[in-house]
file coords-v8.txt (compact mmCIF, C-alpha atoms)
# COMPACT_ATOMS: atom_id res chain seq x y z
CA MET L 1 29.78 -25.87 -37.62
CA THR L 2 31.34 -22.69 -36.27
CA ASP L 3 35.01 -22.50 -37.21
CA ARG L 4 37.83 -21.48 -34.92
CA ALA L 5 38.07 -17.99 -36.42
CA ASP L 6 34.39 -17.31 -35.67
CA LEU L 7 34.84 -18.46 -32.09
CA ASP L 8 37.90 -16.26 -31.65
CA ARG L 9 36.09 -13.23 -33.10
CA HIS L 10 33.18 -13.81 -30.75
CA THR L 11 35.50 -14.10 -27.74
CA GLN L 12 37.27 -10.86 -28.66
CA LYS L 13 33.97 -9.07 -29.20
CA MET L 14 32.60 -10.19 -25.86
CA ALA L 15 35.85 -9.25 -24.10
CA LYS L 16 35.54 -5.69 -25.47
CA LYS L 17 31.91 -5.53 -24.38
CA LYS L 18 32.80 -6.73 -20.90
CA ALA L 19 35.58 -4.15 -20.58
CA ALA L 20 33.21 -1.39 -21.65
CA ARG L 21 30.52 -2.64 -19.29
CA ASP L 22 32.93 -2.90 -16.37
CA LYS L 23 34.05 0.68 -17.02
CA ILE L 24 30.46 1.88 -16.90
CA MET L 25 29.65 -0.13 -13.77
CA ALA L 26 32.69 1.29 -11.97
CA THR L 27 31.02 4.72 -12.10
CA LYS L 28 27.82 3.49 -10.42
CA THR L 29 28.70 3.93 -6.77
CA GLN L 30 25.64 5.62 -5.24
CA THR L 31 22.69 4.08 -3.41
CA LYS L 32 19.39 5.81 -2.67
CA GLY L 33 15.78 5.06 -2.01
CA LEU L 34 14.05 5.13 -5.36
CA VAL L 35 10.66 6.47 -6.38
CA ILE L 36 9.44 3.82 -8.83
CA VAL L 37 6.39 4.17 -11.08
CA HIS L 38 4.69 1.34 -12.95
CA THR L 39 2.07 2.68 -15.34
CA GLY L 40 0.58 2.06 -18.78
CA THR L 41 -2.27 0.11 -20.33
CA GLY L 42 -0.51 -3.25 -20.26
CA LYS L 43 -0.88 -6.01 -17.70
CA GLY L 44 1.78 -6.56 -15.04
CA LYS L 45 2.16 -3.26 -13.19
CA SER L 46 1.21 -4.63 -9.78
CA SER L 47 2.71 -8.04 -10.56
CA ALA L 48 6.13 -6.49 -11.20
CA ALA L 49 5.84 -4.40 -8.04
CA PHE L 50 4.98 -7.44 -5.95
CA GLY L 51 8.01 -9.14 -7.47
CA MET L 52 10.17 -6.48 -5.79
CA ILE L 53 8.27 -6.90 -2.53
CA PHE L 54 9.01 -10.63 -2.61
CA ARG L 55 12.67 -9.89 -3.33
CA HIS L 56 12.78 -7.77 -0.18
CA ILE L 57 11.14 -10.56 1.79
CA ALA L 58 13.66 -13.07 0.39
CA HIS L 59 16.50 -10.82 1.58
CA GLY L 60 14.93 -10.54 5.03
CA LYS L 61 14.17 -6.84 4.52
CA ARG L 62 11.06 -5.26 6.01
CA CYS L 63 8.54 -3.86 3.56
CA ALA L 64 4.87 -2.91 3.35
CA VAL L 65 1.94 -2.80 0.93
CA VAL L 66 -1.03 -0.43 0.80
CA GLN L 67 -3.74 -1.23 -1.74
CA PHE L 68 -5.74 1.83 -2.76
CA ILE L 69 -8.32 0.20 -5.04
CA LYS L 70 -8.22 -3.59 -5.08
CA GLY L 71 -8.65 -4.25 -1.37
CA ALA L 72 -12.10 -5.79 -1.64
CA MET L 73 -10.76 -8.59 -3.83
CA GLU L 74 -8.62 -11.45 -2.57
CA SER L 75 -5.33 -12.07 -4.36
CA GLY L 76 -2.57 -14.65 -4.30
CA GLU L 77 -0.01 -12.05 -3.22
CA ARG L 78 -2.14 -10.88 -0.32
CA THR L 79 -2.82 -14.42 0.89
CA LEU L 80 0.83 -15.45 0.68
CA ILE L 81 2.11 -12.36 2.48
CA THR L 82 -0.48 -12.28 5.26
CA GLU L 83 -0.31 -16.01 5.95
CA ARG L 84 3.44 -16.59 5.66
CA PHE L 85 5.39 -13.33 5.72
CA ALA L 86 3.42 -11.00 7.98
CA ASP L 87 6.50 -10.61 10.18
CA LEU L 88 8.39 -8.99 7.31
CA CYS L 89 5.65 -7.28 5.31
CA GLU L 90 2.65 -5.33 6.56
CA PHE L 91 -0.28 -5.61 4.15
CA HIS L 92 -3.12 -3.08 4.19
CA ALA L 93 -5.93 -3.69 1.72
CA MET L 94 -7.83 -0.42 2.03
CA GLY L 95 -9.69 -0.09 -1.25
CA GLU L 96 -13.19 -1.32 -1.89
CA GLY L 97 -13.03 -1.94 -5.63
CA PHE L 98 -12.75 0.04 -8.80
CA THR L 99 -14.67 3.31 -9.03
CA TRP L 100 -17.23 2.00 -11.48
CA GLU L 101 -18.08 -0.75 -8.98
CA THR L 102 -18.44 1.35 -5.83
CA GLN L 103 -20.26 4.22 -7.60
CA ASP L 104 -19.78 6.32 -4.48
CA LYS L 105 -17.22 9.09 -4.97
CA ALA L 106 -17.45 10.39 -1.41
CA ARG L 107 -16.77 6.91 -0.03
CA ASP L 108 -13.93 6.36 -2.52
CA MET L 109 -12.31 9.65 -1.47
CA GLU L 110 -12.67 8.76 2.20
CA MET L 111 -11.03 5.36 1.73
CA ALA L 112 -8.25 6.81 -0.46
CA ALA L 113 -7.49 9.44 2.19
CA LYS L 114 -7.24 6.73 4.86
CA ALA L 115 -4.98 4.66 2.62
CA TRP L 116 -2.72 7.69 2.04
CA GLU L 117 -2.45 8.33 5.77
CA LYS L 118 -1.42 4.70 6.31
CA ALA L 119 1.05 4.97 3.41
CA LYS L 120 2.71 8.02 4.95
CA GLU L 121 2.99 6.25 8.30
CA LEU L 122 4.67 3.23 6.70
CA ILE L 123 7.03 5.30 4.55
CA ARG L 124 8.13 7.38 7.53
CA ASP L 125 9.03 4.18 9.39
CA GLU L 126 12.66 3.71 8.37
CA ARG L 127 12.50 0.02 9.23
CA ASN L 128 10.59 -0.43 5.96
CA CYS L 129 13.00 -0.67 3.06
CA MET L 130 10.22 -0.60 0.46
CA VAL L 131 6.59 0.51 0.49
CA LEU L 132 4.27 -0.42 -2.38
CA LEU L 133 1.35 1.93 -3.05
CA ASP L 134 -0.70 -0.32 -5.27
CA GLU L 135 -3.07 1.48 -7.69
CA ILE L 136 -2.40 4.88 -6.12
CA ASN L 137 -2.21 6.30 -9.64
CA ILE L 138 -5.93 5.58 -10.02
CA ALA L 139 -6.68 7.56 -6.85
CA LEU L 140 -4.50 10.40 -8.13
CA ARG L 141 -6.14 10.33 -11.55
CA TYR L 142 -9.59 10.89 -10.04
CA ASP L 143 -8.26 13.49 -7.55
CA TYR L 144 -9.22 11.37 -4.55
CA ILE L 145 -5.97 12.50 -2.93
CA PRO L 146 -4.05 15.70 -3.78
CA LEU L 147 -1.17 15.14 -6.20
CA ALA L 148 0.72 18.13 -4.77
CA GLU L 149 0.64 16.58 -1.31
CA VAL L 150 1.98 13.26 -2.58
CA LEU L 151 4.80 14.95 -4.50
CA ASP L 152 5.73 17.14 -1.54
CA PHE L 153 5.76 14.17 0.83
CA LEU L 154 8.01 12.13 -1.46
CA ALA L 155 10.38 15.08 -1.79
CA THR L 156 10.55 16.14 1.85
CA GLU L 157 9.57 13.25 4.12
CA LYS L 158 10.54 10.00 2.42
CA PRO L 159 13.63 8.62 4.17
CA PRO L 160 16.71 8.72 1.91
CA LEU L 161 17.07 4.93 1.61
CA THR L 162 13.39 3.95 1.40
CA HIS L 163 12.03 2.76 -1.94
CA VAL L 164 8.44 3.73 -2.80
CA VAL L 165 6.62 2.00 -5.65
CA LEU L 166 3.51 3.59 -7.15
CA THR L 167 1.40 1.56 -9.58
CA GLY L 168 -1.63 2.11 -11.78
CA ARG L 169 -2.59 3.43 -15.18
CA ASN L 170 -2.39 7.07 -16.19
CA ALA L 171 0.40 8.16 -13.87
CA LYS L 172 0.44 11.93 -13.62
CA PRO L 173 3.20 13.63 -15.67
CA GLU L 174 4.40 15.44 -12.56
CA LEU L 175 4.91 12.11 -10.77
CA ILE L 176 6.74 10.67 -13.74
CA GLU L 177 9.00 13.73 -13.73
CA VAL L 178 10.15 13.27 -10.13
CA ALA L 179 10.43 9.47 -10.25
CA ASP L 180 13.80 7.71 -10.48
CA LEU L 181 12.49 4.68 -12.39
CA VAL L 182 9.43 4.64 -14.64
CA THR L 183 8.10 1.68 -16.61
CA ASP L 184 5.26 2.19 -19.09
CA MET L 185 3.69 -1.20 -19.74
CA VAL L 186 2.09 -1.30 -23.18
CA VAL L 187 -0.63 -3.79 -24.07
CA VAL L 188 0.12 -5.77 -27.23
CA LYS L 189 -2.41 -8.57 -26.73
CA HIS L 190 -4.72 -9.36 -23.83
CA PRO L 191 -7.00 -12.41 -23.44
CA PHE L 192 -9.80 -10.20 -22.07
CA ARG L 193 -10.33 -8.92 -25.60
CA SER L 194 -11.03 -12.49 -26.69
CA GLY L 195 -13.67 -13.00 -24.03
CA ILE L 196 -11.42 -14.72 -21.49
CA MET L 197 -12.09 -13.77 -17.88
CA ALA L 198 -9.52 -12.93 -15.22
CA GLN L 199 -7.98 -16.10 -13.80
CA ALA L 200 -6.42 -17.02 -10.48
CA GLY L 201 -2.66 -17.18 -10.69
CA VAL L 202 -2.56 -14.90 -13.73
CA GLU L 203 -4.49 -11.75 -12.83
CA TYR L 204 -4.85 -12.23 -9.08
call {"tool": "encode", "arguments": {"input": "coords-v8.txt", "output": "structure tokens"}}
result
Amino acid sequence: MTDRADLDRHTQKMAKKKAARDKIMATKTQTKGLVIVHTGTGKGKSSAAFGMIFRHIAHGKRCAVVQFIKGAMESGERTLITERFADLCEFHAMGEGFTWETQDKARDMEMAAKAWEKAKELIRDERNCMVLLDEINIALRYDYIPLAEVLDFLATEKPPLTHVVLTGRNAKPELIEVADLVTDMVVVKHPFRSGIMAQAGVEY
């Protein structure tokens, strides 16, 4: 069993940690709309982003989603939002599948351009506290939309308090540089490598 001295040492240690933490937190007084990037080879980039969308919905805050790639495929998030929370979250599924499925670059570029126009419209609308640009990094990787235009828009037209989340593998270094929060999700193990297919409730 833990003796009294160990308990006292633990209490003192935690008290010092709390004091140090409180001192740090006292300096964090600013709020701003963040540019958030979820990238990397690991699973969970869109899932984490949708988690923030659902937080906004839970707080009664307006938000919006534009899907650049996955629009042709139904998902649990899309169904839940469109059927139950459409009053708080606009959902625009504007992709037609991954590039190796469509095999039509001109069509992919046309759809990505339309998705980007919708994204700009939603971001400019200051009623939206957060806008998720799901898989936009894929569109940027293949130059379906100009990176320079995206960076300039985020720098000059994004409202100061609006959060913008950009997901997808291979985020451009220039985007990572201007972002406020970047998470690189690294794959350690994935069931796909063992022959297990994507499953409802896990992948979509």
call {"tool": "closest_residue", "arguments": {"input": "coords-v8.txt", "among": "L:Thr82, L:Thr11, L:Asn170, L:Gln67", "to": "Gly95 in chain L", "atoms": "only C-alpha atoms"}}
result
L:Gln67
call {"tool": "atom_distance", "arguments": {"input": "coords-v8.txt", "atom1": "CA of Glu157 in chain L", "atom2": "CA of Ile57 in chain L"}}
result
24.0 Å
call {"tool": "atom_distance", "arguments": {"input": "coords-v8.txt", "atom1": "CA of Pro160 in chain L", "atom2": "CA of Gly33 in chain L"}}
result
5.4 Å
call {"tool": "closest_residue", "arguments": {"input": "coords-v8.txt", "among": "L:Ile53, L:Val66, L:Met14, L:Leu175", "to": "Leu151 in chain L", "atoms": "all atoms listed in the file"}}
result
L:Leu175
call {"tool": "closest_residue", "arguments": {"input": "coords-v8.txt", "among": "L:Ala49, L:Ala198, L:His10, L:Lys120", "to": "Ile36 in chain L", "atoms": "only C-alpha atoms"}}
result
L:Ala49
call {"tool": "axis_aligned_box", "arguments": {"input": "coords-v8.txt", "around": "range 161-173 of chain L", "padding_each_side": "8 Å", "output": "JSON"}}
result
{"center_x": 7.2, "center_y": 7.6, "center_z": -7.3, "size_x": 35.7, "size_y": 28.1, "size_z": 33.8}
call {"tool": "closest_residue", "arguments": {"input": "coords-v8.txt", "among": "L:Gln199, L:Thr79, L:Cys63, L:Ala139", "to": "Val164 in chain L", "atoms": "all atoms listed in the file"}}
result
L:Cys63
call {"tool": "closest_residue", "arguments": {"input": "coords-v8.txt", "among": "L:Arg78, L:Lys158, L:Lys13, L:Arg21", "to": "Val35 in chain L", "atoms": "all atoms listed in the file"}}
result
L:Lys158
call {"tool": "residues_near_point", "arguments": {"input": "coords-v8.txt", "point": "(15.6, 6.2, -8.4)", "cutoff": "10 Å", "atoms": "all atoms listed in the file", "output": "MDAnalysis selection string"}}
result
chainID L and resid 31:37 163:164 178:182
call {"tool": "decode", "arguments": {"input": "coords-v8.txt", "residues": "range 98-147 of chain L", "atoms": "N, CA and C atoms", "output": "PDB file, in the first residue's frame"}}
result
ATOM      1  N   PHE L  98     -12.433   9.170 -55.581  1.00  0.00           N
ATOM      2  CA  PHE L  98     -10.998   9.365 -55.693  1.00  0.00           C
ATOM      3  C   PHE L  98     -10.568   9.369 -57.165  1.00  0.00           C
ATOM      4  N   THR L  99      -9.446  10.010 -57.442  1.00  0.00           N
ATOM      5  CA  THR L  99      -9.010  10.244 -58.813  1.00  0.00           C
ATOM      6  C   THR L  99      -8.804   8.962 -59.599  1.00  0.00           C
ATOM      7  N   TRP L 100      -8.372   7.905 -58.926  1.00  0.00           N
ATOM      8  CA  TRP L 100      -8.171   6.654 -59.654  1.00  0.00           C
ATOM      9  C   TRP L 100      -9.493   5.963 -60.001  1.00  0.00           C
ATOM     10  N   GLU L 101     -10.591   6.438 -59.380  1.00  0.00           N
ATOM     11  CA  GLU L 101     -11.899   5.890 -59.705  1.00  0.00           C
ATOM     12  C   GLU L 101     -12.562   6.664 -60.847  1.00  0.00           C
ATOM     13  N   THR L 102     -12.469   7.975 -60.813  1.00  0.00           N
ATOM     14  CA  THR L 102     -13.104   8.780 -61.863  1.00  0.00           C
ATOM     15  C   THR L 102     -12.337   8.675 -63.173  1.00  0.00           C
ATOM     16  N   GLN L 103     -11.014   8.690 -63.113  1.00  0.00           N
ATOM     17  CA  GLN L 103     -10.142   8.586 -64.292  1.00  0.00           C
ATOM     18  C   GLN L 103     -10.467   9.655 -65.329  1.00  0.00           C
ATOM     19  N   ASP L 104     -10.859  10.818 -64.854  1.00  0.00           N
ATOM     20  CA  ASP L 104     -11.240  11.918 -65.741  1.00  0.00           C
ATOM     21  C   ASP L 104     -10.734  13.211 -65.107  1.00  0.00           C
ATOM     22  N   LYS L 105      -9.515  13.600 -65.451  1.00  0.00           N
ATOM     23  CA  LYS L 105      -8.888  14.753 -64.805  1.00  0.00           C
ATOM     24  C   LYS L 105      -9.672  16.036 -65.044  1.00  0.00           C
ATOM     25  N   ALA L 106     -10.147  16.223 -66.276  1.00  0.00           N
ATOM     26  CA  ALA L 106     -10.893  17.443 -66.575  1.00  0.00           C
ATOM     27  C   ALA L 106     -12.136  17.548 -65.695  1.00  0.00           C
ATOM     28  N   ARG L 107     -12.838  16.437 -65.545  1.00  0.00           N
ATOM     29  CA  ARG L 107     -14.043  16.426 -64.705  1.00  0.00           C
ATOM     30  C   ARG L 107     -13.669  16.659 -63.245  1.00  0.00           C
ATOM     31  N   ASP L 108     -12.582  16.019 -62.785  1.00  0.00           N
ATOM     32  CA  ASP L 108     -12.140  16.206 -61.406  1.00  0.00           C
ATOM     33  C   ASP L 108     -11.809  17.671 -61.130  1.00  0.00           C
ATOM     34  N   MET L 109     -11.125  18.323 -62.088  1.00  0.00           N
ATOM     35  CA  MET L 109     -10.765  19.730 -61.917  1.00  0.00           C
ATOM     36  C   MET L 109     -12.001  20.618 -61.895  1.00  0.00           C
ATOM     37  N   GLU L 110     -12.978  20.283 -62.741  1.00  0.00           N
ATOM     38  CA  GLU L 110     -14.221  21.053 -62.775  1.00  0.00           C
ATOM     39  C   GLU L 110     -14.961  20.952 -61.447  1.00  0.00           C
ATOM     40  N   MET L 111     -15.063  19.749 -60.904  1.00  0.00           N
ATOM     41  CA  MET L 111     -15.770  19.551 -59.646  1.00  0.00           C
ATOM     42  C   MET L 111     -15.022  20.199 -58.487  1.00  0.00           C
ATOM     43  N   ALA L 112     -13.679  20.104 -58.496  1.00  0.00           N
ATOM     44  CA  ALA L 112     -12.880  20.734 -57.433  1.00  0.00           C
ATOM     45  C   ALA L 112     -13.039  22.244 -57.461  1.00  0.00           C
ATOM     46  N   ALA L 113     -13.082  22.820 -58.656  1.00  0.00           N
ATOM     47  CA  ALA L 113     -13.256  24.270 -58.781  1.00  0.00           C
ATOM     48  C   ALA L 113     -14.614  24.697 -58.231  1.00  0.00           C
ATOM     49  N   LYS L 114     -15.654  23.918 -58.518  1.00  0.00           N
ATOM     50  CA  LYS L 114     -16.983  24.231 -57.986  1.00  0.00           C
ATOM     51  C   LYS L 114     -17.007  24.106 -56.458  1.00  0.00           C
ATOM     52  N   ALA L 115     -16.329  23.075 -55.953  1.00  0.00           N
ATOM     53  CA  ALA L 115     -16.268  22.899 -54.499  1.00  0.00           C
ATOM     54  C   ALA L 115     -15.546  24.069 -53.845  1.00  0.00           C
ATOM     55  N   TRP L 116     -14.480  24.551 -54.467  1.00  0.00           N
ATOM     56  CA  TRP L 116     -13.716  25.681 -53.917  1.00  0.00           C
ATOM     57  C   TRP L 116     -14.562  26.957 -53.929  1.00  0.00           C
ATOM     58  N   GLU L 117     -15.334  27.163 -54.971  1.00  0.00           N
ATOM     59  CA  GLU L 117     -16.211  28.331 -55.006  1.00  0.00           C
ATOM     60  C   GLU L 117     -17.236  28.271 -53.877  1.00  0.00           C
ATOM     61  N   LYS L 118     -17.808  27.085 -53.643  1.00  0.00           N
ATOM     62  CA  LYS L 118     -18.755  26.926 -52.535  1.00  0.00           C
ATOM     63  C   LYS L 118     -18.053  27.145 -51.194  1.00  0.00           C
ATOM     64  N   ALA L 119     -16.829  26.629 -51.066  1.00  0.00           N
ATOM     65  CA  ALA L 119     -16.069  26.800 -49.832  1.00  0.00           C
ATOM     66  C   ALA L 119     -15.841  28.277 -49.531  1.00  0.00           C
ATOM     67  N   LYS L 120     -15.461  29.041 -50.537  1.00  0.00           N
ATOM     68  CA  LYS L 120     -15.221  30.476 -50.332  1.00  0.00           C
ATOM     69  C   LYS L 120     -16.503  31.183 -49.892  1.00  0.00           C
ATOM     70  N   GLU L 121     -17.606  30.809 -50.515  1.00  0.00           N
ATOM     71  CA  GLU L 121     -18.898  31.402 -50.140  1.00  0.00           C
ATOM     72  C   GLU L 121     -19.218  31.133 -48.671  1.00  0.00           C
ATOM     73  N   LEU L 122     -19.005  29.904 -48.234  1.00  0.00           N
ATOM     74  CA  LEU L 122     -19.327  29.531 -46.857  1.00  0.00           C
ATOM     75  C   LEU L 122     -18.378  30.168 -45.854  1.00  0.00           C
ATOM     76  N   ILE L 123     -17.107  30.276 -46.215  1.00  0.00           N
ATOM     77  CA  ILE L 123     -16.131  30.888 -45.308  1.00  0.00           C
ATOM     78  C   ILE L 123     -16.401  32.383 -45.167  1.00  0.00           C
ATOM     79  N   ARG L 124     -16.772  33.016 -46.251  1.00  0.00           N
ATOM     80  CA  ARG L 124     -17.060  34.457 -46.195  1.00  0.00           C
ATOM     81  C   ARG L 124     -18.272  34.761 -45.314  1.00  0.00           C
ATOM     82  N   ASP L 125     -19.182  33.814 -45.197  1.00  0.00           N
ATOM     83  CA  ASP L 125     -20.395  33.997 -44.396  1.00  0.00           C
ATOM     84  C   ASP L 125     -20.021  33.913 -42.912  1.00  0.00           C
ATOM     85  N   GLU L 126     -19.990  35.044 -42.243  1.00  0.00           N
ATOM     86  CA  GLU L 126     -19.510  35.098 -40.866  1.00  0.00           C
ATOM     87  C   GLU L 126     -20.450  34.420 -39.879  1.00  0.00           C
ATOM     88  N   ARG L 127     -21.603  33.981 -40.326  1.00  0.00           N
ATOM     89  CA  ARG L 127     -22.471  33.194 -39.456  1.00  0.00           C
ATOM     90  C   ARG L 127     -21.877  31.802 -39.204  1.00  0.00           C
ATOM     91  N   ASN L 128     -21.035  31.340 -40.105  1.00  0.00           N
ATOM     92  CA  ASN L 128     -20.392  30.034 -39.955  1.00  0.00           C
ATOM     93  C   ASN L 128     -19.147  30.169 -39.083  1.00  0.00           C
ATOM     94  N   CYS L 129     -19.168  29.503 -37.958  1.00  0.00           N
ATOM     95  CA  CYS L 129     -18.019  29.559 -37.047  1.00  0.00           C
ATOM     96  C   CYS L 129     -16.889  28.641 -37.500  1.00  0.00           C
ATOM     97  N   MET L 130     -17.242  27.562 -38.203  1.00  0.00           N
ATOM     98  CA  MET L 130     -16.231  26.626 -38.709  1.00  0.00           C
ATOM     99  C   MET L 130     -16.676  26.108 -40.067  1.00  0.00           C
ATOM    100  N   VAL L 131     -15.705  25.981 -40.977  1.00  0.00           N
ATOM    101  CA  VAL L 131     -15.954  25.373 -42.279  1.00  0.00           C
ATOM    102  C   VAL L 131     -14.915  24.280 -42.494  1.00  0.00           C
ATOM    103  N   LEU L 132     -15.398  23.068 -42.742  1.00  0.00           N
ATOM    104  CA  LEU L 132     -14.528  21.919 -42.993  1.00  0.00           C
ATOM    105  C   LEU L 132     -14.398  21.694 -44.490  1.00  0.00           C
ATOM    106  N   LEU L 133     -13.168  21.711 -44.982  1.00  0.00           N
ATOM    107  CA  LEU L 133     -12.864  21.429 -46.380  1.00  0.00           C
ATOM    108  C   LEU L 133     -12.265  20.031 -46.429  1.00  0.00           C
ATOM    109  N   ASP L 134     -13.139  19.043 -46.533  1.00  0.00           N
ATOM    110  CA  ASP L 134     -12.725  17.657 -46.412  1.00  0.00           C
ATOM    111  C   ASP L 134     -12.027  17.170 -47.681  1.00  0.00           C
ATOM    112  N   GLU L 135     -10.800  16.670 -47.520  1.00  0.00           N
ATOM    113  CA  GLU L 135      -9.972  16.139 -48.604  1.00  0.00           C
ATOM    114  C   GLU L 135      -9.517  17.200 -49.607  1.00  0.00           C
ATOM    115  N   ILE L 136      -9.530  18.475 -49.201  1.00  0.00           N
ATOM    116  CA  ILE L 136      -9.038  19.508 -50.110  1.00  0.00           C
ATOM    117  C   ILE L 136      -7.550  19.324 -50.404  1.00  0.00           C
ATOM    118  N   ASN L 137      -6.817  18.714 -49.454  1.00  0.00           N
ATOM    119  CA  ASN L 137      -5.387  18.507 -49.693  1.00  0.00           C
ATOM    120  C   ASN L 137      -5.131  17.608 -50.893  1.00  0.00           C
ATOM    121  N   ILE L 138      -6.062  16.690 -51.170  1.00  0.00           N
ATOM    122  CA  ILE L 138      -5.924  15.833 -52.347  1.00  0.00           C
ATOM    123  C   ILE L 138      -6.066  16.672 -53.609  1.00  0.00           C
ATOM    124  N   ALA L 139      -7.061  17.566 -53.616  1.00  0.00           N
ATOM    125  CA  ALA L 139      -7.258  18.449 -54.774  1.00  0.00           C
ATOM    126  C   ALA L 139      -6.053  19.367 -54.979  1.00  0.00           C
ATOM    127  N   LEU L 140      -5.478  19.828 -53.876  1.00  0.00           N
ATOM    128  CA  LEU L 140      -4.293  20.679 -53.984  1.00  0.00           C
ATOM    129  C   LEU L 140      -3.084  19.888 -54.459  1.00  0.00           C
ATOM    130  N   ARG L 141      -2.968  18.656 -53.998  1.00  0.00           N
ATOM    131  CA  ARG L 141      -1.827  17.819 -54.392  1.00  0.00           C
ATOM    132  C   ARG L 141      -1.781  17.611 -55.903  1.00  0.00           C
ATOM    133  N   TYR L 142      -2.957  17.410 -56.507  1.00  0.00           N
ATOM    134  CA  TYR L 142      -3.026  17.154 -57.948  1.00  0.00           C
ATOM    135  C   TYR L 142      -3.234  18.430 -58.765  1.00  0.00           C
ATOM    136  N   ASP L 143      -3.110  19.588 -58.096  1.00  0.00           N
ATOM    137  CA  ASP L 143      -3.229  20.891 -58.764  1.00  0.00           C
ATOM    138  C   ASP L 143      -4.586  21.084 -59.429  1.00  0.00           C
ATOM    139  N   TYR L 144      -5.628  20.528 -58.826  1.00  0.00           N
ATOM    140  CA  TYR L 144      -6.975  20.746 -59.343  1.00  0.00           C
ATOM    141  C   TYR L 144      -7.448  22.160 -59.037  1.00  0.00           C
ATOM    142  N   ILE L 145      -6.953  22.723 -57.938  1.00  0.00           N
ATOM    143  CA  ILE L 145      -7.208  24.123 -57.611  1.00  0.00           C
ATOM    144  C   ILE L 145      -5.868  24.753 -57.260  1.00  0.00           C
ATOM    145  N   PRO L 146      -5.682  26.048 -57.537  1.00  0.00           N
ATOM    146  CA  PRO L 146      -4.381  26.679 -57.323  1.00  0.00           C
ATOM    147  C   PRO L 146      -4.071  26.874 -55.832  1.00  0.00           C
ATOM    148  N   LEU L 147      -2.951  26.364 -55.397  1.00  0.00           N
ATOM    149  CA  LEU L 147      -2.534  26.530 -54.007  1.00  0.00           C
ATOM    150  C   LEU L 147      -2.407  28.002 -53.648  1.00  0.00           C
TER     151      LEU L 147
END
